[in-house]
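J.: One file is attached below, start-v6.txt, containing compact mmCIF, C-alpha atoms.
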```txt
# COMPACT_ATOMS: atom_id res chain seq x y z
CA MET A 1 0.00 0.00 0.00
CA LYS A 2 1.44 3.35 -1.08
CA LYS A 3 1.85 5.83 1.75
CA ASP A 4 2.28 9.59 1.46
CA VAL A 5 2.24 12.87 3.35
CA LEU A 6 -1.08 14.68 3.20
CA ILE A 7 -0.88 18.45 2.56
CA LEU A 8 -4.06 20.40 3.32
CA ARG A 9 -4.44 23.41 1.04
CA HIS A 10 -7.02 26.16 1.60
CA MET A 11 -6.51 28.45 -1.40
CA VAL A 12 -5.32 27.86 -4.94
CA HIS A 13 -2.33 30.21 -4.53
CA GLU A 14 -1.12 28.47 -1.34
CA ALA A 15 1.68 26.19 -2.53
CA GLY A 16 4.08 23.94 -0.67
CA GLY A 17 7.16 25.71 -2.00
CA THR A 18 10.30 24.48 -0.25
CA LEU A 19 8.19 21.92 1.61
CA GLU A 20 7.75 20.12 -1.71
CA GLU A 21 11.49 20.36 -2.34
CA ALA A 22 12.35 18.87 1.07
CA LEU A 23 9.94 15.97 0.62
CA ALA A 24 11.21 15.31 -2.91
CA ARG A 25 14.85 15.30 -1.74
CA ALA A 26 13.92 12.73 0.91
CA GLU A 27 12.06 10.69 -1.73
CA ILE A 28 8.83 10.96 0.25
CA ASP A 29 5.57 10.92 -1.68
CA PHE A 30 3.01 13.61 -0.94
CA ARG A 31 -0.34 14.78 -2.24
CA TYR A 32 -2.47 17.85 -1.82
CA VAL A 33 -5.95 17.75 -0.36
CA ASP A 34 -7.50 20.86 -1.91
CA LEU A 35 -10.18 21.83 0.58
CA TYR A 36 -11.33 24.79 -1.52
CA GLU A 37 -12.52 22.30 -4.15
CA LYS A 38 -13.95 19.43 -2.13
CA VAL A 39 -13.97 18.48 1.53
CA PRO A 40 -13.49 14.73 2.05
CA GLU A 41 -15.54 12.92 4.66
CA ARG A 42 -12.34 11.51 6.14
CA LEU A 43 -8.59 11.45 5.59
CA PRO A 44 -6.75 8.16 5.02
CA PHE A 45 -4.55 8.23 8.10
CA ASP A 46 -4.14 4.47 7.87
CA ARG A 47 -1.86 5.03 4.87
CA ALA A 48 -0.51 8.49 5.71
CA LEU A 49 3.09 9.30 6.62
CA GLY A 50 2.33 12.72 8.05
CA LEU A 51 0.09 15.77 7.89
CA ILE A 52 1.02 19.29 6.75
CA VAL A 53 -1.51 22.12 7.07
CA LEU A 54 -0.79 25.23 5.00
CA GLY A 55 -1.91 28.83 5.42
CA GLY A 56 -4.86 30.83 4.17
CA PRO A 57 -6.57 34.22 4.55
CA MET A 58 -9.44 32.91 6.68
CA ASN A 59 -9.40 32.73 10.47
CA VAL A 60 -9.99 29.52 12.39
CA ASP A 61 -13.50 30.50 13.52
CA GLN A 62 -14.98 31.21 10.06
CA VAL A 63 -16.56 27.77 10.07
CA ASP A 64 -19.87 28.92 8.51
CA GLN A 65 -18.03 30.30 5.49
CA TYR A 66 -15.36 27.58 5.37
CA PRO A 67 -16.86 24.35 6.79
CA PHE A 68 -13.59 22.47 6.32
CA LEU A 69 -12.10 24.38 9.26
CA ALA A 70 -14.16 22.34 11.72
CA ALA A 71 -13.04 19.10 10.12
CA GLU A 72 -9.40 20.16 10.17
CA THR A 73 -9.14 20.44 13.94
CA GLN A 74 -10.50 16.89 14.17
CA TRP A 75 -8.06 15.65 11.51
CA ILE A 76 -5.14 17.24 13.33
CA GLN A 77 -6.21 15.53 16.55
CA GLN A 78 -6.53 12.22 14.68
CA ALA A 79 -3.08 12.61 13.15
CA MET A 80 -1.53 13.27 16.55
CA SER A 81 -3.39 10.31 18.05
CA ALA A 82 -1.98 8.16 15.24
CA LYS A 83 1.52 9.41 16.18
CA LEU A 84 2.10 10.98 12.77
CA PRO A 85 4.38 13.99 12.25
CA VAL A 86 2.27 17.15 12.00
CA LEU A 87 3.40 20.52 10.67
CA GLY A 88 1.12 23.57 10.67
CA VAL A 89 2.18 26.74 8.86
CA CYS A 90 0.51 30.12 9.58
CA LEU A 91 -3.21 29.24 9.54
CA GLY A 92 -2.06 25.65 10.01
CA ALA A 93 -0.26 26.63 13.23
CA GLN A 94 -3.37 28.41 14.45
CA LEU A 95 -5.49 25.34 13.69
CA LEU A 96 -2.98 23.16 15.54
CA ALA A 97 -3.16 25.51 18.53
CA LYS A 98 -6.97 25.45 18.43
CA SER A 99 -7.02 21.66 18.22
CA LEU A 100 -4.95 21.64 21.43
CA GLY A 101 -7.46 23.86 23.22
CA ALA A 102 -5.66 27.21 22.85
CA LYS A 103 -7.37 30.49 21.98
CA VAL A 104 -6.81 32.04 18.53
CA TYR A 105 -7.48 35.76 18.12
CA PRO A 106 -6.40 38.89 16.17
CA ASN A 107 -2.83 39.99 16.71
CA ALA A 108 -2.19 43.60 17.70
CA VAL A 109 -0.80 44.27 14.21
CA LYS A 110 -0.78 42.46 10.89
CA GLU A 111 2.65 41.06 10.12
CA ILE A 112 3.25 41.07 6.38
CA GLY A 113 6.66 40.89 4.75
CA TRP A 114 10.06 40.37 6.32
CA HIS A 115 10.24 40.31 10.12
CA PRO A 116 12.79 38.93 12.60
CA VAL A 117 12.06 36.08 14.97
CA GLU A 118 14.19 34.93 17.88
CA PHE A 119 14.67 31.23 18.49
CA THR A 120 14.37 30.36 22.18
CA ALA A 121 16.80 28.41 24.34
CA ALA A 122 14.43 25.44 23.99
CA ALA A 123 14.90 25.59 20.22
CA ALA A 124 18.60 24.82 20.63
CA ALA A 125 17.73 21.41 22.05
CA ASP A 126 14.80 20.78 19.71
CA PRO A 127 15.31 17.97 17.16
CA LEU A 128 13.91 20.08 14.31
CA PHE A 129 15.23 23.55 15.09
CA ALA A 130 18.60 22.88 16.77
CA ARG A 131 19.43 26.61 16.84
CA GLN A 132 19.28 29.83 18.79
CA GLY A 133 19.51 33.49 17.85
CA GLU A 134 17.60 35.77 15.52
CA HIS A 135 16.55 35.07 11.95
CA MET A 136 14.62 37.02 9.33
CA VAL A 137 11.51 35.20 8.09
CA PHE A 138 8.54 35.90 5.82
CA GLN A 139 5.18 36.68 7.43
CA TRP A 140 1.61 37.13 6.23
CA HIS A 141 -0.90 36.92 9.05
CA GLY A 142 -3.29 38.96 11.15
CA ASP A 143 -4.10 36.44 13.90
CA THR A 144 -2.12 34.87 16.69
CA PHE A 145 -2.73 32.24 19.39
CA ASP A 146 -2.05 31.44 23.01
CA LEU A 147 0.61 28.82 23.57
CA PRO A 148 -1.20 25.50 24.12
CA ILE A 149 -0.88 23.98 27.58
CA GLY A 150 2.05 21.57 27.55
CA ALA A 151 3.59 23.05 24.38
CA THR A 152 7.17 24.31 24.11
CA LEU A 153 7.79 27.77 22.63
CA LEU A 154 10.55 27.59 20.02
CA ALA A 155 10.47 31.08 18.47
CA ARG A 156 9.13 34.49 19.47
CA GLY A 157 8.63 37.74 17.62
CA ARG A 158 8.65 41.44 18.51
CA ASN A 159 5.12 42.11 17.27
CA CYS A 160 3.75 38.58 17.69
CA LYS A 161 5.03 36.58 20.63
CA HIS A 162 4.24 33.02 19.58
CA GLN A 163 6.04 32.23 16.33
CA ALA A 164 6.80 28.52 16.64
CA PHE A 165 6.02 25.73 19.07
CA ARG A 166 6.24 21.98 19.54
CA PHE A 167 3.65 19.76 21.18
CA GLY A 168 4.80 16.31 22.18
CA ARG A 169 7.52 14.91 19.97
CA LEU A 170 5.90 15.11 16.53
CA ALA A 171 3.61 18.17 16.23
CA TYR A 172 4.98 21.58 15.21
CA GLY A 173 3.30 24.91 14.55
CA LEU A 174 5.08 27.74 12.69
CA GLN A 175 3.35 31.12 12.50
CA PHE A 176 5.83 32.35 9.89
CA HIS A 177 6.07 31.08 6.31
CA ILE A 178 9.13 28.88 6.10
CA GLU A 179 8.12 27.51 2.69
CA MET A 180 8.50 30.63 0.56
CA THR A 181 10.11 30.89 -2.86
CA ALA A 182 10.66 34.00 -4.98
CA THR A 183 7.87 32.90 -7.32
CA MET A 184 5.45 32.49 -4.42
CA ILE A 185 6.24 35.90 -2.95
CA ASP A 186 5.73 37.56 -6.33
CA ALA A 187 2.43 35.70 -6.83
CA TRP A 188 1.16 36.65 -3.37
CA LEU A 189 1.99 40.31 -3.92
CA LYS A 190 0.09 40.25 -7.23
CA ASP A 191 -2.96 38.33 -5.96
CA PRO A 192 -6.05 40.60 -6.20
CA GLY A 193 -7.30 39.76 -2.71
CA ASN A 194 -3.87 40.37 -1.21
CA CYS A 195 -3.51 43.64 -3.15
CA GLN A 196 -6.76 44.84 -1.64
CA GLU A 197 -5.56 43.92 1.85
CA LEU A 198 -2.24 45.69 1.31
CA ALA A 199 -3.96 48.82 0.03
CA GLU A 200 -5.74 49.15 3.36
CA LEU A 201 -2.52 48.96 5.41
CA GLU A 202 -0.51 52.15 5.75
CA ASP A 203 2.47 50.46 7.40
CA VAL A 204 3.04 47.73 4.78
CA ASP A 205 4.83 48.65 1.55
CA PRO A 206 4.73 45.96 -1.19
CA GLN A 207 7.66 47.58 -2.97
CA LYS A 208 9.77 47.37 0.17
CA ILE A 209 8.91 43.68 0.47
CA ARG A 210 10.04 43.16 -3.13
CA MET A 211 13.24 45.13 -2.49
CA LEU A 212 14.12 43.13 0.65
CA THR A 213 13.33 39.70 -0.81
CA PRO A 214 16.67 39.18 -2.64
CA ARG A 215 18.45 40.06 0.60
CA TRP A 216 16.55 37.83 3.01
CA LEU A 217 15.12 34.97 0.93
CA PRO A 218 18.39 32.98 0.58
CA GLY A 219 18.76 32.84 4.36
CA LEU A 220 15.14 31.77 4.79
CA GLN A 221 15.58 29.01 2.24
CA THR A 222 18.72 27.80 4.02
CA LEU A 223 16.73 27.73 7.26
CA ALA A 224 13.93 25.87 5.48
CA ALA A 225 16.27 23.26 4.04
CA ASP A 226 17.65 22.63 7.54
CA ILE A 227 14.39 22.51 9.51
CA LEU A 228 12.30 20.81 6.83
CA GLY A 229 15.07 18.31 6.23
CA ARG A 230 14.77 17.28 9.86
CA PHE A 231 10.99 17.14 9.52
CA THR A 232 11.36 14.67 6.65
CA ALA A 233 13.59 12.58 8.94
CA LEU A 234 10.62 12.30 11.33
CA VAL A 235 8.47 11.21 8.41
CA ARG A 236 11.02 8.62 7.28
CA ARG A 237 10.89 7.03 10.72
CA VAL A 238 7.15 6.57 10.31
CA ARG A 239 7.67 5.09 6.85
```
Reformat the file's structure so that it appears as structure tokens.
T.:
Amino acid sequence: MKKDVLILRHMVHEAGGTLEEALARAEIDFRYVDLYEKVPERLPFDRALGLIVLGGPMNVDQVDQYPFLAAETQWIQQAMSAKLPVLGVCLGAQLLAKSLGAKVYPNAVKEIGWHPVEFTAAAAADPLFARQGEHMVFQWHGDTFDLPIGATLLARGRNCKHQAFRFGRLAYGLQFHIEMTATMIDAWLKDPGNCQELAELEDVDPQKIRMLTPRWLPGLQTLAADILGRFTALVRRVR
């Protein structure tokens, strides 16, 4: 029976980016579950190697408008119960936090573009992060979450405290977008919905984001190759 990593996608322009690259390098099969097209009644966790939950512009409580959000918290809980590696990115991290009983709510400011995060002392001993210090990452979010009870904070930010956490040994939530490529950033900045959002924000300059991307993207992709490479090692153990 073929096994693969399930990647939950909420919008057509949300791609796996360097996540795909890391899985391909590790020769791990994956497939997208495009929730904006069809919501399955169940996910095949009996033949899954792991679960990745990507981002999206919705918030976790917009269940009436996006019914799949209710199912996702249950799927995340099922994946953790099955002892599968779980990785939530942006909205995915918020859904992971919600599935663990934590509150998700609007952040004081919207973080869009390049922002620094500081890896905690706990991150130095973490099997995925294995680092400390500050790093520039790409952000696009308006919500944040309380740290779930029993979770370990791995990264914090100046404008948004909870940037990465681990729950147990196999579940990780990253508020920032570790998966970005130059093509993805360009596409996001050109997306009509995103353009409308940016036009309403006086403190976010799309041109500045474009200008800073060549400077900061290589470092983010190096970070992604490191952390996501270790995530694929967790998946290989399951396989």
J.: Find the distance between CA of Leu128 in chain A and CA of Gly101 in chain A and write it in Å to one decimal.
T.: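 So the answer is 23.5 Å.
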J.: Excluding Ala151 in chain A and any residue of its chain fewer than 3 positions from it, enumerate the residues within 7 Å of it, using all atoms listed in the file, and give them as a list in words.
T.: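 Once the adjacent positions are removed, what remains is Leu147, Pro148, Phe165, Arg166 and Phe167 of chain A.
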J.: Have a look at A:Leu96, A:Met58, A:Val63, A:Ala121 and name the one nearest to Gln77 in chain A; count only C-alpha atoms.
T.: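 The shortest atom-to-atom distance to Gln77 in chain A comes from A:Leu96.
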J.: What is the distance, in Å and to one decimal place, between CA of Thr144 in chain A and CA of Ile185 in chain A?
T.: 21.4 Å
J.: Residues of range 4-42 of chain A that approach range 187-196 of chain A to 12 Å or less, counting all atoms listed in the file: could you list each one with the shortest pair of atoms and its distance in Å to one decimal, rows by chain and increasing residue number, as JSON lines?
T.:
```
{"residue": "A:Met11", "atom": "CA", "partner": "A:Trp188", "partner_atom": "CA", "distance": 11.4}
{"residue": "A:Val12", "atom": "CA", "partner": "A:Asp191", "partner_atom": "CA", "distance": 10.8}
{"residue": "A:His13", "atom": "CA", "partner": "A:Trp188", "partner_atom": "CA", "distance": 7.4}
{"residue": "A:Glu14", "atom": "CA", "partner": "A:Trp188", "partner_atom": "CA", "distance": 8.7}
{"residue": "A:Ala15", "atom": "CA", "partner": "A:Ala187", "partner_atom": "CA", "distance": 10.5}
```
J.: Filtering to C-alpha atoms, could you give me those residues as a PDB file, in the frame of the given file?
T.:
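Just written: part.pdb:
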```pdb
ATOM      1  CA  MET A  11      -6.510  28.450  -1.400  1.00  0.00           C
ATOM      2  CA  VAL A  12      -5.320  27.860  -4.940  1.00  0.00           C
ATOM      3  CA  HIS A  13      -2.330  30.210  -4.530  1.00  0.00           C
ATOM      4  CA  GLU A  14      -1.120  28.470  -1.340  1.00  0.00           C
ATOM      5  CA  ALA A  15       1.680  26.190  -2.530  1.00  0.00           C
TER       6      ALA A  15
END
```
J.: Using all atoms listed in the file, which of A:Leu84, A:Ala108, A:Val60, A:Leu54 sits nearest Val5 in chain A?
T.: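 Closest residue, counting all atoms listed in the file: A:Leu84.
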J.: Write out as a list in words each polymer residue whose atoms come within 12 Å of range 209-212 of chain A, counting all atoms listed in the file; drop sequence neighbours fewer than 6 positions from it.
T.: Glu111, Ile112, Gly113, Trp114, His115, Met136, Val137, Phe138, Gln139, Trp140, Ala182, Thr183, Met184, Ile185, Asp186, Ala187, Trp188, Leu189, Lys190, Leu198, Asp203, Pro218 and Gly219 of chain A
J.: Residues at most 9 Å from Ile178 in chain A, counting all atoms listed in the file, excluding those fewer than 4 positions away in the same chain, as a compact mmCIF listing (two decimals) with C-alpha atoms, in the coordinates of the input?
T.:
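Result file follows (out.txt):
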```
# COMPACT_ATOMS: atom_id res chain seq x y z
CA GLY A 17 7.16 25.71 -2.00
CA THR A 18 10.30 24.48 -0.25
CA LEU A 19 8.19 21.92 1.61
CA VAL A 89 2.18 26.74 8.86
CA VAL A 137 11.51 35.20 8.09
CA PHE A 138 8.54 35.90 5.82
CA GLN A 139 5.18 36.68 7.43
CA LEU A 174 5.08 27.74 12.69
CA LEU A 220 15.14 31.77 4.79
CA GLN A 221 15.58 29.01 2.24
CA LEU A 223 16.73 27.73 7.26
CA ALA A 224 13.93 25.87 5.48
CA ILE A 227 14.39 22.51 9.51
CA LEU A 228 12.30 20.81 6.83
```
J.: Any idea what the distance is between CA of Gly142 in chain A and CA of Leu43 in chain A?
T.: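 These atoms are spaced 28.6 Å apart.
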J.: Give the answer as one residue: which of A:Pro40, A:Pro57, A:Gly88, A:Pro106 has the shortest atom-to-atom distance to Gly16 in chain A, using all atoms listed in the file?
T.: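 Nearest candidate to Gly16 in chain A out of A:Pro40, A:Pro57, A:Gly88, A:Pro106: A:Gly88.
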J.: If we count all atoms listed in the file and set the cut-off at 12 Å, which residues sit around Tyr105 in chain A, ignoring sequence neighbours fewer than 3 positions away in its own chain? Please answer as number ranges by chain.
T.: A: 58-62, 91, 94-95, 97-98, 102, 108-110, 141-147, 160
J.: Find the residue from A:Leu6, A:Glu202, A:Gly56, A:Arg156 that sits nearest to Leu23 in chain A; use only C-alpha atoms when measuring.
T.: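 Looking only at the distances to Leu23 in chain A, the closest residue turns out to be A:Leu6.
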J.: Please identify all polymer residues within 12 Å of Phe30 in chain A, counting all atoms listed in the file, omitting same-chain residues fewer than 6 positions from it, and present them as a short mmCIF file (atom, residue, chain, number, x, y, z; two decimals) with C-alpha atoms, keeping the file's coordinate frame.
T.:
```cif
data_model
loop_
_atom_site.label_atom_id
_atom_site.label_comp_id
_atom_site.auth_asym_id
_atom_site.auth_seq_id
_atom_site.Cartn_x
_atom_site.Cartn_y
_atom_site.Cartn_z
CA LYS A 2 1.44 3.35 -1.08
CA LYS A 3 1.85 5.83 1.75
CA ASP A 4 2.28 9.59 1.46
CA VAL A 5 2.24 12.87 3.35
CA LEU A 6 -1.08 14.68 3.20
CA ILE A 7 -0.88 18.45 2.56
CA LEU A 8 -4.06 20.40 3.32
CA GLY A 16 4.08 23.94 -0.67
CA LEU A 19 8.19 21.92 1.61
CA GLU A 20 7.75 20.12 -1.71
CA GLU A 21 11.49 20.36 -2.34
CA ALA A 22 12.35 18.87 1.07
CA LEU A 23 9.94 15.97 0.62
CA ALA A 24 11.21 15.31 -2.91
CA ARG A 47 -1.86 5.03 4.87
CA ALA A 48 -0.51 8.49 5.71
CA LEU A 49 3.09 9.30 6.62
CA GLY A 50 2.33 12.72 8.05
CA LEU A 51 0.09 15.77 7.89
CA ILE A 52 1.02 19.29 6.75
CA THR A 232 11.36 14.67 6.65
CA VAL A 235 8.47 11.21 8.41
#
```
J.: I need the residue nearest Tyr172 in chain A from this list: A:Leu35, A:Val104, A:Leu69, A:Met80. Use all atoms listed in the file for the distance.
T.: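 Of all the options, A:Met80 lies closest to Tyr172 in chain A.
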J.: Which of these, A:Asn107, A:Val238, A:Trp75, A:Ile28, has the shortest distance to Arg42 in chain A once you count all atoms listed in the file?
T.: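 Among the listed residues, the smallest separation from Arg42 in chain A belongs to A:Trp75.
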J.: Using only the atoms of range 2-20 of chain A listed in the file, plus 3 Å on each side, state the axis-aligned box centre and edge lengths in Å rounded to one decimal, as JSON.
T.:
```
{"center_x": 1.6, "center_y": 16.8, "center_z": -0.8, "size_x": 23.3, "size_y": 32.9, "size_z": 14.3}
```
